[in-house]
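Only one structure is covered here, and it is reproduced in the block below.
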Amino acid sequence: MNKIDQRKNIRRFIDEWSSPSKGREISHNQSFWIALMRDVFGVAQPEALFQFERPVRGLGRIDALMEGAGVLIEQKGRNRSLNEALKQSDGSELTPYQQGKRYADHLGKRPRWVIACNFDTFEIHDLSKLPDETPEIVHLADLEKEFYRLQFLVDAANDNTRRETELSVTAGELVGGIYDGLLKQYGEDSEEIRSSLNKLCVRLVFCLYAEDASLFNTPRQFHDYLKDLRPVDIRGALRDLFRILDTPEAKRDRYEAPELLAFPYVNGGLFSDESILIPQFTEELKALILAQASEGFNWSDISPTIFGAVFESTLSAKARRTGGMHYTSVENIQKVIRPLFLDALEAEYAELLQIKQANKRTRELQAFQTKLGNLRFFDPACGSGNFLTETYLKLRELENRVILSLSGGAGQFDFGGEHSPVKVQISQFYGIEINDFAVSVAQTALWIAESQMLKKTEDIIGASLDYFPLKSNTNIREGNALRMDWDEIFSNKNNIVPPPPPKQLNLHHWQSSFRRRTAHECLSERGFSSSVWA
């Protein structure tokens with residue numbers, strides 16, 4: 001967005017939000033902040049930056065939280081003074097800033113900024129400065145000349161995105177080092193060795209993530225299990241660990257070593273193959289895994305969507321060119337999935353919120369959540385799973401908003417006995433990929449995404465949800481999508497959302513990689529026209 005267009009957009013924003021019909025706290029909070037980021041600062045998908053009505057146990061709800069940018073917003077109606085202390089549910093009297101700061105102090109990750117706003121005025125408090133320092137004040141009427149004072153909203157969000165990318169690339173470098181070190185120890189390079197190597201790498205990464213994300217029962221449980229072993233003993237220790245992780249607690253030998261019995265049952269098929277070959281370890285490999293990958297890196301912070309960078313850094317440039325593999329940015333993924341289905345789903349959810357009758361609104365929201373859980377998504381050339389993972393994350397974010405609406409925003413949710421409130425599962429996401437290591441990375445990315453979203457659901461419902469044992473398997477399969485029977489990938493062909501190629505699908509574009517007859521047969525057998533994507 002150039003400066004001229006930005007100025008025009010700012011003037012329109014000021015005119016719209018100065019209207020007496022705008023400025024109600026509950027009705028207009030979300031649309032105000034989304035419009036600010038979209039129209040004033042040119043953010044393409046501003047909805048992705050916010051968590052609205054985020055519950056804080058025992059205190060209430062945060063009006064808006066930009067977790068990645070480190071910004072908490074306490075929104076009041078236009079008729080409210082930002083200097084007025086309002087009585088809280090616990091009897092205390094707090095100004096909007098004091099209310100926002102109390103929320104900030106009770107979050108696991110404390111935001112840097114608290115903004116108190118009443119539509120006419122932005123009162124900006126930087127918590128990194130002295131407590132008595134005067135806040136910055138920006139008035140809506142002056143926004144055309146002072147919008148730059150809110151630029152930190154965009155810059156902080158961009159900094160968080162860059163940080164996520166850097167973390168994931170670092171993770172990729174670590175996996176690449178482990179991969180190369182293990183391959184050297186195998187001493188040969190065959191199809192059987194590559195298959196075992198891929199599975200072993202993914203299992204190691206998952207264990208590293210699980211201990212950092214508090215999925216295992218104690219902090220650094222994987223690290224401490226291996227730290228005192230000689231390198232020559234690690235091979236057998238890993239084999240024992242993988243067997244235990246795949247065995248339900250009730251079926252384990254009670255005379256196993258206590259340090260093994262302390263691990264949870266994982267399930268999901270991740271550790272089910274006992275035939276994988278594990279090579280001998282060296283001091284260098286042990287140090288790489290324990291000192292660098294475990295002690296020196298926090299895996300819980302990686303972005304599962306950018307986890308494809310792990311795949312890229314592990315393969316050589318020649319392998320990437322030969323396989324046609326490349327990393328697709330989150331921004332470009334959003335350009336595909338939003339017009340394809342996500343915008344429509346979010347619009348449907350927004351319409352349901354307008355239903356005035358509470359019982360009817362609840363029934364419709366429950367039906368909508370069930371609909372989300374019944375959708376199926378399919379990528380027949382999924383690579384390292386970026387499209388599927390980002391789609392899963394966005395669908396779960398939408399489902400979390402539904403769960404919050406069903407809870408009344410109170411942070412409590414009755415989901416009926418032992419039943420989980422979550423309907424969207426990673427088993428709804430189907431993929432085919434010809435490279436076996438990419439398949440392993442895609443599966444792991446989905447499991448990591450599932451874990452991270454479950455943590456966010458826990459914050460909403462005010463209760464803990466068990467991640468282990470894994471409740472659903474991934475449906476990512478290795479193979480050539482143009483030669484496989486797709487019925488082997490999914491049993492229910494309804495509600496499959498295919499990836500969108502160009503509207504006019506010219507088969508001549510396919511000839512460099514595939515035989516024309518094969519592509520034509522593959523499409524026609526499944527009801528697709530050879531010239532138009534049905």
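All residue names refer to the structure tokens as shown: chains lettered A, B, ... in order, residues numbered from 1 in each chain, ligands numbered from 1 in order.
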
For this session: May I have the residues within 10 Å of region 174-190 of chain A as a PyMOL selection string, using only C-alpha atoms and disregarding those fewer than 3 positions away in the same chain?
Result: chain A and resi 168-171+193-198+200-202+204-205+277-282+284-286+288-289+292-293+297+310-316

Keeping only N, CA and C atoms, write the selected residues to a file as an mmCIF file, in the first residue's frame.
```cif
data_model
loop_
_atom_site.group_PDB
_atom_site.id
_atom_site.type_symbol
_atom_site.label_atom_id
_atom_site.label_comp_id
_atom_site.auth_asym_id
_atom_site.auth_seq_id
_atom_site.Cartn_x
_atom_site.Cartn_y
_atom_site.Cartn_z
ATOM 1 N N SER A 168 12.638 -22.041 13.305
ATOM 2 C CA SER A 168 12.388 -23.239 12.509
ATOM 3 C C SER A 168 13.574 -23.577 11.618
ATOM 4 N N VAL A 169 14.248 -22.551 11.105
ATOM 5 C CA VAL A 169 15.452 -22.806 10.308
ATOM 6 C C VAL A 169 16.551 -23.398 11.187
ATOM 7 N N THR A 170 16.684 -22.868 12.414
ATOM 8 C CA THR A 170 17.661 -23.441 13.348
ATOM 9 C C THR A 170 17.333 -24.895 13.641
ATOM 10 N N ALA A 171 16.039 -25.177 13.832
ATOM 11 C CA ALA A 171 15.616 -26.566 14.041
ATOM 12 C C ALA A 171 16.001 -27.421 12.841
ATOM 13 N N ILE A 193 17.939 -48.440 4.627
ATOM 14 C CA ILE A 193 18.624 -47.536 5.540
ATOM 15 C C ILE A 193 17.942 -46.179 5.558
ATOM 16 N N ARG A 194 17.606 -45.645 4.384
ATOM 17 C CA ARG A 194 16.954 -44.335 4.316
ATOM 18 C C ARG A 194 15.616 -44.349 5.045
ATOM 19 N N SER A 195 14.853 -45.428 4.881
ATOM 20 C CA SER A 195 13.563 -45.525 5.557
ATOM 21 C C SER A 195 13.743 -45.512 7.074
ATOM 22 N N SER A 196 14.697 -46.296 7.577
ATOM 23 C CA SER A 196 14.964 -46.317 9.015
ATOM 24 C C SER A 196 15.479 -44.973 9.505
ATOM 25 N N LEU A 197 16.352 -44.347 8.728
ATOM 26 C CA LEU A 197 16.918 -43.055 9.106
ATOM 27 C C LEU A 197 15.831 -41.995 9.222
ATOM 28 N N ASN A 198 14.915 -41.965 8.263
ATOM 29 C CA ASN A 198 13.838 -40.982 8.297
ATOM 30 C C ASN A 198 12.968 -41.159 9.541
ATOM 31 N N LEU A 200 13.767 -42.668 12.331
ATOM 32 C CA LEU A 200 14.536 -42.403 13.541
ATOM 33 C C LEU A 200 14.643 -40.901 13.795
ATOM 34 N N CYS A 201 14.899 -40.122 12.746
ATOM 35 C CA CYS A 201 15.005 -38.668 12.903
ATOM 36 C C CYS A 201 13.699 -38.080 13.426
ATOM 37 N N VAL A 202 12.588 -38.519 12.846
ATOM 38 C CA VAL A 202 11.299 -37.985 13.261
ATOM 39 C C VAL A 202 11.001 -38.350 14.711
ATOM 40 N N LEU A 204 13.195 -38.881 17.111
ATOM 41 C CA LEU A 204 14.063 -38.067 17.963
ATOM 42 C C LEU A 204 13.526 -36.649 18.087
ATOM 43 N N VAL A 205 13.104 -36.066 16.959
ATOM 44 C CA VAL A 205 12.562 -34.702 16.982
ATOM 45 C C VAL A 205 11.297 -34.652 17.828
ATOM 46 N N LEU A 277 16.093 -49.890 11.753
ATOM 47 C CA LEU A 277 17.496 -50.107 12.092
ATOM 48 C C LEU A 277 18.048 -48.872 12.797
ATOM 49 N N ILE A 278 18.720 -49.081 13.920
ATOM 50 C CA ILE A 278 19.333 -47.990 14.677
ATOM 51 C C ILE A 278 20.836 -48.227 14.711
ATOM 52 N N PRO A 279 21.636 -47.262 14.259
ATOM 53 C CA PRO A 279 23.093 -47.481 14.225
ATOM 54 C C PRO A 279 23.728 -47.221 15.588
ATOM 55 N N GLN A 280 25.007 -47.501 15.669
ATOM 56 C CA GLN A 280 25.763 -47.162 16.873
ATOM 57 C C GLN A 280 25.951 -45.645 16.960
ATOM 58 N N PHE A 281 25.967 -45.126 18.172
ATOM 59 C CA PHE A 281 26.143 -43.697 18.386
ATOM 60 C C PHE A 281 27.595 -43.395 18.748
ATOM 61 N N THR A 282 27.975 -42.148 18.530
ATOM 62 C CA THR A 282 29.307 -41.665 18.879
ATOM 63 C C THR A 282 29.177 -40.554 19.918
ATOM 64 N N GLU A 284 30.150 -37.595 19.460
ATOM 65 C CA GLU A 284 29.727 -36.398 18.728
ATOM 66 C C GLU A 284 28.209 -36.377 18.541
ATOM 67 N N LEU A 285 27.648 -37.546 18.174
ATOM 68 C CA LEU A 285 26.200 -37.616 17.980
ATOM 69 C C LEU A 285 25.461 -37.402 19.303
ATOM 70 N N LYS A 286 25.961 -37.980 20.358
ATOM 71 C CA LYS A 286 25.335 -37.798 21.666
ATOM 72 C C LYS A 286 25.350 -36.322 22.064
ATOM 73 N N LEU A 288 25.531 -33.748 20.070
ATOM 74 C CA LEU A 288 24.659 -32.992 19.174
ATOM 75 C C LEU A 288 23.205 -33.088 19.643
ATOM 76 N N ILE A 289 22.785 -34.284 20.011
ATOM 77 C CA ILE A 289 21.394 -34.484 20.418
ATOM 78 C C ILE A 289 21.119 -33.895 21.795
ATOM 79 N N GLN A 292 23.224 -29.770 22.120
ATOM 80 C CA GLN A 292 22.750 -28.753 21.184
ATOM 81 C C GLN A 292 21.238 -28.813 20.969
ATOM 82 N N ALA A 293 20.730 -30.010 20.615
ATOM 83 C CA ALA A 293 19.318 -30.108 20.255
ATOM 84 C C ALA A 293 18.401 -30.105 21.466
ATOM 85 N N PHE A 297 18.255 -25.713 22.709
ATOM 86 C CA PHE A 297 17.181 -25.263 21.822
ATOM 87 C C PHE A 297 15.832 -25.624 22.436
ATOM 88 N N VAL A 310 12.680 -27.469 8.040
ATOM 89 C CA VAL A 310 13.471 -28.594 8.525
ATOM 90 C C VAL A 310 13.745 -29.561 7.381
ATOM 91 N N PHE A 311 12.722 -29.825 6.619
ATOM 92 C CA PHE A 311 12.848 -30.739 5.487
ATOM 93 C C PHE A 311 13.847 -30.192 4.474
ATOM 94 N N GLU A 312 13.718 -28.924 4.133
ATOM 95 C CA GLU A 312 14.584 -28.333 3.120
ATOM 96 C C GLU A 312 16.048 -28.349 3.536
ATOM 97 N N SER A 313 16.301 -28.022 4.809
ATOM 98 C CA SER A 313 17.697 -27.936 5.252
ATOM 99 C C SER A 313 18.351 -29.308 5.321
ATOM 100 N N THR A 314 17.542 -30.364 5.420
ATOM 101 C CA THR A 314 18.084 -31.709 5.520
ATOM 102 C C THR A 314 18.463 -32.260 4.156
ATOM 103 N N LEU A 315 17.666 -31.925 3.146
ATOM 104 C CA LEU A 315 17.948 -32.420 1.804
ATOM 105 C C LEU A 315 18.949 -31.517 1.102
ATOM 106 N N SER A 316 19.703 -32.069 0.217
ATOM 107 C CA SER A 316 20.631 -31.268 -0.578
ATOM 108 C C SER A 316 19.866 -30.454 -1.609
#
```

For this session: Might you pull out every residue within 9 Å of Asp466 (chain A), with only C-alpha atoms counted and same-chain residues fewer than 2 positions away left off, and present them as a PyMOL selection string?
Result: chain A and resi 215+454+464+468-470

Since we have the selection now, will you write its residues out, keeping N, CA and C atoms, as a PDB file, in the first residue's frame?
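The file below, result24.pdb, is the result:
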```pdb
ATOM      1  N   LEU A 215       4.868 -32.323  27.332  1.00  0.00           N
ATOM      2  CA  LEU A 215       4.008 -33.466  27.001  1.00  0.00           C
ATOM      3  C   LEU A 215       4.470 -34.716  27.719  1.00  0.00           C
ATOM      4  N   LEU A 454      -4.103 -27.653  21.217  1.00  0.00           N
ATOM      5  CA  LEU A 454      -4.758 -28.199  22.404  1.00  0.00           C
ATOM      6  C   LEU A 454      -4.452 -27.341  23.624  1.00  0.00           C
ATOM      7  N   SER A 464      -7.605 -29.081  31.958  1.00  0.00           N
ATOM      8  CA  SER A 464      -6.514 -29.757  31.260  1.00  0.00           C
ATOM      9  C   SER A 464      -7.067 -30.855  30.354  1.00  0.00           C
ATOM     10  N   PHE A 468      -1.605 -37.191  25.333  1.00  0.00           N
ATOM     11  CA  PHE A 468      -1.266 -38.606  25.190  1.00  0.00           C
ATOM     12  C   PHE A 468      -2.307 -39.456  25.914  1.00  0.00           C
ATOM     13  N   PRO A 469      -2.654 -40.628  25.366  1.00  0.00           N
ATOM     14  CA  PRO A 469      -2.189 -41.112  24.068  1.00  0.00           C
ATOM     15  C   PRO A 469      -2.836 -40.348  22.921  1.00  0.00           C
ATOM     16  N   LEU A 470      -2.111 -40.259  21.793  1.00  0.00           N
ATOM     17  CA  LEU A 470      -2.621 -39.573  20.622  1.00  0.00           C
ATOM     18  C   LEU A 470      -3.961 -40.178  20.220  1.00  0.00           C
TER      19      LEU A 470
END
```

Problem set entry | alpha helix (DSSP H) residues, from DSSP on the backbone, in region 68-156 of chain A, as a ChimeraX atom specification | /A:96-105,143-146,152-156

For this session: Please measure the separation of CA of Gly42 (chain A) and CA of Ile14 (chain A), giving the value in Å to one decimal.
Result: 15.4 Å

With 7 Å as the cut-off and only C-alpha atoms counted, what is the closest atom pair between each nearby residue of region 318-383 of chain A and region 396-407 of chain A? Distances in Å to one decimal, ordered by chain and number, as CSV.
```
residue,atom,partner,partner_atom,distance
A:Thr362,CA,A:Leu406,CA,6.3
A:Leu365,CA,A:Val402,CA,6.6
A:Gln369,CA,A:Glu399,CA,6.4
```

For this session: Find the distance between CA of Arg78 (chain A) and CA of Asp120 (chain A) and write it in Å to one decimal.
Result: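 Distance between the two atoms: 6.6 Å.
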
Exercise. Excluding same-chain residues fewer than 2 positions from Phe222 (chain A), what lies within 8 Å of it counting only C-alpha atoms, as a list in words?
Worked result: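 Once the adjacent positions are removed, what remains is Cys207, Leu208, Glu211, Arg220, Asp224, Tyr225 and Leu226 of chain A.
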
Given the selection you just returned, output its residues as a file containing N, CA and C atoms, formatted as a PDB file, in the first residue's frame.
```
ATOM      1  N   CYS A 207      10.469 -36.553  20.347  1.00  0.00           N
ATOM      2  CA  CYS A 207      10.845 -36.645  21.763  1.00  0.00           C
ATOM      3  C   CYS A 207      11.416 -35.328  22.271  1.00  0.00           C
ATOM      4  N   LEU A 208      12.218 -34.660  21.455  1.00  0.00           N
ATOM      5  CA  LEU A 208      12.769 -33.370  21.847  1.00  0.00           C
ATOM      6  C   LEU A 208      11.652 -32.344  22.017  1.00  0.00           C
ATOM      7  N   GLU A 211       9.407 -33.117  25.306  1.00  0.00           N
ATOM      8  CA  GLU A 211       9.925 -32.730  26.618  1.00  0.00           C
ATOM      9  C   GLU A 211       9.905 -31.215  26.795  1.00  0.00           C
ATOM     10  N   ARG A 220      12.674 -32.277  30.671  1.00  0.00           N
ATOM     11  CA  ARG A 220      13.912 -32.853  30.146  1.00  0.00           C
ATOM     12  C   ARG A 220      13.977 -34.369  30.367  1.00  0.00           C
ATOM     13  N   ASP A 224      17.379 -36.554  30.145  1.00  0.00           N
ATOM     14  CA  ASP A 224      17.922 -37.204  31.343  1.00  0.00           C
ATOM     15  C   ASP A 224      17.970 -38.723  31.198  1.00  0.00           C
ATOM     16  N   TYR A 225      17.104 -39.270  30.374  1.00  0.00           N
ATOM     17  CA  TYR A 225      17.121 -40.716  30.142  1.00  0.00           C
ATOM     18  C   TYR A 225      18.414 -41.149  29.452  1.00  0.00           C
ATOM     19  N   LEU A 226      18.969 -40.283  28.603  1.00  0.00           N
ATOM     20  CA  LEU A 226      20.145 -40.649  27.811  1.00  0.00           C
ATOM     21  C   LEU A 226      21.455 -40.086  28.354  1.00  0.00           C
TER      22      LEU A 226
END
```
